[in-house]
Amino acid sequence: MEGAEAKLNRAKILREGKVEIAVTHSGMRQRLPFVVVREKLGSGLVPYLKVERWVDAGELLRVARETDLPVLAPSGKFFAPGRKASDYMGL
């Protein structure tokens, strides 16, 4: 997803507060729920897509890249290539 399409999806995800995304988990393709949570960073809030299950880092990086939102998982925080938390502040 590139350009306006990614931004529309990001806006929709942030507005609804949740999304189901297909990921490969334990060797199977599954649709897992991701919930929008906000974490305080300095004087602003950063939205993350939070997933409760352990998912491979490669899949979480793909989700971050496709949704243009950072991902928070039990294994850590994942960002799209070239992005950092402060890039998402205030969304």
# chains A, B, ... in the order shown; residues from 1 in each chain; ligands from 1
>>> residues_around(residues="Val37 in chain A", least_positions_apart="4", cutoff="7 Å", atoms="only C-alpha atoms", output="list of chain:residue names")
A:Pro47, A:Tyr48, A:Leu49, A:Lys50
>>> residues_around(residues="Ser43 in chain A", least_positions_apart="5", cutoff="12 Å", atoms="only C-alpha atoms", output="mmCIF file with C-alpha atoms, in the first residue's frame")
data_model
loop_
_atom_site.group_PDB
_atom_site.id
_atom_site.type_symbol
_atom_site.label_atom_id
_atom_site.label_comp_id
_atom_site.auth_asym_id
_atom_site.auth_seq_id
_atom_site.Cartn_x
_atom_site.Cartn_y
_atom_site.Cartn_z
ATOM 1 C CA SER A 86 8.383 10.390 17.189
ATOM 2 C CA MET A 89 3.398 11.458 17.562
ATOM 3 C CA GLY A 90 0.071 13.229 17.526
#
>>> select_by_dssp(residues="chain A", states="strand (DSSP E)", output="PyMOL selection string")
chain A and resi 18-25+28-41+44-50+71-73+76-78
>>> write_last_selection(atoms="C-alpha atoms", output="short mmCIF file (atom, residue, chain, number, x, y, z; two decimals), in the first residue's frame")
data_model
loop_
_atom_site.label_atom_id
_atom_site.label_comp_id
_atom_site.auth_asym_id
_atom_site.auth_seq_id
_atom_site.Cartn_x
_atom_site.Cartn_y
_atom_site.Cartn_z
CA LYS A 18 -8.94 -1.97 16.07
CA VAL A 19 -8.28 -4.07 12.99
CA GLU A 20 -7.92 -7.75 12.09
CA ILE A 21 -4.83 -8.53 10.03
CA ALA A 22 -3.80 -11.82 8.44
CA VAL A 23 -0.37 -12.97 9.65
CA THR A 24 1.56 -16.21 9.54
CA HIS A 25 1.64 -17.49 13.12
CA MET A 28 -0.46 -21.10 9.75
CA ARG A 29 -2.13 -18.08 8.20
CA GLN A 30 -4.35 -16.52 10.86
CA ARG A 31 -6.36 -13.33 11.28
CA LEU A 32 -5.31 -11.75 14.57
CA PRO A 33 -6.91 -8.76 16.28
CA PHE A 34 -4.73 -5.65 16.65
CA VAL A 35 -5.98 -2.92 19.02
CA VAL A 36 -4.86 0.72 18.94
CA VAL A 37 -3.20 1.76 22.20
CA ARG A 38 -1.51 5.08 22.87
CA GLU A 39 1.76 5.45 24.73
CA LYS A 40 3.03 8.72 26.16
CA LEU A 41 6.27 9.95 24.59
CA GLY A 44 2.63 13.69 23.02
CA LEU A 45 0.99 10.32 22.46
CA VAL A 46 2.11 7.68 19.98
CA PRO A 47 -0.47 5.16 18.63
CA TYR A 48 0.60 1.52 18.43
CA LEU A 49 -1.17 -1.52 17.01
CA LYS A 50 -1.02 -3.96 19.92
CA VAL A 71 3.32 -2.38 16.25
CA LEU A 72 3.56 -3.35 19.93
CA ALA A 73 3.88 -7.07 20.68
CA GLY A 76 8.94 -5.71 21.32
CA LYS A 77 8.11 -2.62 19.27
CA PHE A 78 8.31 -2.66 15.48
#
>>> select_by_dssp(residues="chain A", states="helix (DSSP H, G or I)", output="PyMOL selection string")
chain A and resi 4-16+57-67+85-88
>>> write_last_selection(atoms="N, CA and C atoms", output="mmCIF file, in the first residue's frame")
data_model
loop_
_atom_site.group_PDB
_atom_site.id
_atom_site.type_symbol
_atom_site.label_atom_id
_atom_site.label_comp_id
_atom_site.auth_asym_id
_atom_site.auth_seq_id
_atom_site.Cartn_x
_atom_site.Cartn_y
_atom_site.Cartn_z
ATOM 1 N N ALA A 4 -1.984 7.630 -0.798
ATOM 2 C CA ALA A 4 -3.266 7.954 -0.166
ATOM 3 C C ALA A 4 -3.973 6.712 0.367
ATOM 4 N N GLU A 5 -3.826 5.571 -0.318
ATOM 5 C CA GLU A 5 -4.500 4.350 0.130
ATOM 6 C C GLU A 5 -4.032 3.960 1.531
ATOM 7 N N ALA A 6 -2.716 4.015 1.785
ATOM 8 C CA ALA A 6 -2.185 3.673 3.104
ATOM 9 C C ALA A 6 -2.685 4.660 4.153
ATOM 10 N N LYS A 7 -2.734 5.940 3.806
ATOM 11 C CA LYS A 7 -3.182 6.946 4.761
ATOM 12 C C LYS A 7 -4.663 6.764 5.089
ATOM 13 N N LEU A 8 -5.467 6.401 4.078
ATOM 14 C CA LEU A 8 -6.885 6.161 4.347
ATOM 15 C C LEU A 8 -7.050 4.978 5.292
ATOM 16 N N ASN A 9 -6.310 3.917 5.062
ATOM 17 C CA ASN A 9 -6.399 2.760 5.936
ATOM 18 C C ASN A 9 -5.924 3.103 7.339
ATOM 19 N N ARG A 10 -4.842 3.857 7.438
ATOM 20 C CA ARG A 10 -4.326 4.255 8.744
ATOM 21 C C ARG A 10 -5.366 5.084 9.486
ATOM 22 N N ALA A 11 -5.972 6.032 8.784
ATOM 23 C CA ALA A 11 -6.996 6.877 9.410
ATOM 24 C C ALA A 11 -8.183 6.034 9.869
ATOM 25 N N LYS A 12 -8.582 5.064 9.058
ATOM 26 C CA LYS A 12 -9.708 4.195 9.419
ATOM 27 C C LYS A 12 -9.369 3.353 10.645
ATOM 28 N N ILE A 13 -8.167 2.809 10.683
ATOM 29 C CA ILE A 13 -7.728 2.004 11.824
ATOM 30 C C ILE A 13 -7.724 2.851 13.092
ATOM 31 N N LEU A 14 -7.169 4.050 13.010
ATOM 32 C CA LEU A 14 -7.119 4.928 14.181
ATOM 33 C C LEU A 14 -8.519 5.332 14.629
ATOM 34 N N ARG A 15 -9.413 5.567 13.684
ATOM 35 C CA ARG A 15 -10.781 5.961 14.009
ATOM 36 C C ARG A 15 -11.538 4.817 14.695
ATOM 37 N N GLU A 16 -11.390 3.601 14.162
ATOM 38 C CA GLU A 16 -12.121 2.449 14.708
ATOM 39 C C GLU A 16 -11.463 1.878 15.963
ATOM 40 N N ALA A 57 8.937 -11.652 14.003
ATOM 41 C CA ALA A 57 9.331 -10.263 13.801
ATOM 42 C C ALA A 57 9.125 -9.826 12.352
ATOM 43 N N GLY A 58 9.392 -10.701 11.409
ATOM 44 C CA GLY A 58 9.201 -10.360 10.001
ATOM 45 C C GLY A 58 7.759 -10.017 9.676
ATOM 46 N N GLU A 59 6.839 -10.749 10.260
ATOM 47 C CA GLU A 59 5.417 -10.477 10.045
ATOM 48 C C GLU A 59 5.012 -9.152 10.685
ATOM 49 N N LEU A 60 5.539 -8.866 11.870
ATOM 50 C CA LEU A 60 5.205 -7.604 12.537
ATOM 51 C C LEU A 60 5.783 -6.410 11.790
ATOM 52 N N LEU A 61 6.958 -6.573 11.214
ATOM 53 C CA LEU A 61 7.532 -5.507 10.381
ATOM 54 C C LEU A 61 6.669 -5.284 9.137
ATOM 55 N N ARG A 62 6.162 -6.360 8.565
ATOM 56 C CA ARG A 62 5.283 -6.240 7.396
ATOM 57 C C ARG A 62 4.014 -5.486 7.769
ATOM 58 N N VAL A 63 3.424 -5.803 8.907
ATOM 59 C CA VAL A 63 2.212 -5.117 9.361
ATOM 60 C C VAL A 63 2.495 -3.634 9.570
ATOM 61 N N ALA A 64 3.620 -3.315 10.210
ATOM 62 C CA ALA A 64 3.985 -1.911 10.446
ATOM 63 C C ALA A 64 4.152 -1.169 9.123
ATOM 64 N N ARG A 65 4.771 -1.817 8.149
ATOM 65 C CA ARG A 65 4.995 -1.186 6.845
ATOM 66 C C ARG A 65 3.678 -0.996 6.093
ATOM 67 N N GLU A 66 2.811 -1.995 6.104
ATOM 68 C CA GLU A 66 1.562 -1.920 5.346
ATOM 69 C C GLU A 66 0.539 -0.971 5.954
ATOM 70 N N THR A 67 0.505 -0.870 7.280
ATOM 71 C CA THR A 67 -0.465 0.010 7.929
ATOM 72 C C THR A 67 0.095 1.394 8.191
ATOM 73 N N ALA A 85 9.410 6.275 16.657
ATOM 74 C CA ALA A 85 8.206 6.599 17.428
ATOM 75 C C ALA A 85 7.788 8.043 17.258
ATOM 76 N N SER A 86 8.734 8.974 17.272
ATOM 77 C CA SER A 86 8.383 10.390 17.189
ATOM 78 C C SER A 86 7.734 10.767 15.842
ATOM 79 N N ASP A 87 7.934 9.950 14.812
ATOM 80 C CA ASP A 87 7.294 10.206 13.513
ATOM 81 C C ASP A 87 5.779 10.037 13.592
ATOM 82 N N TYR A 88 5.310 9.278 14.564
ATOM 83 C CA TYR A 88 3.872 8.996 14.691
ATOM 84 C C TYR A 88 3.200 9.829 15.780
#
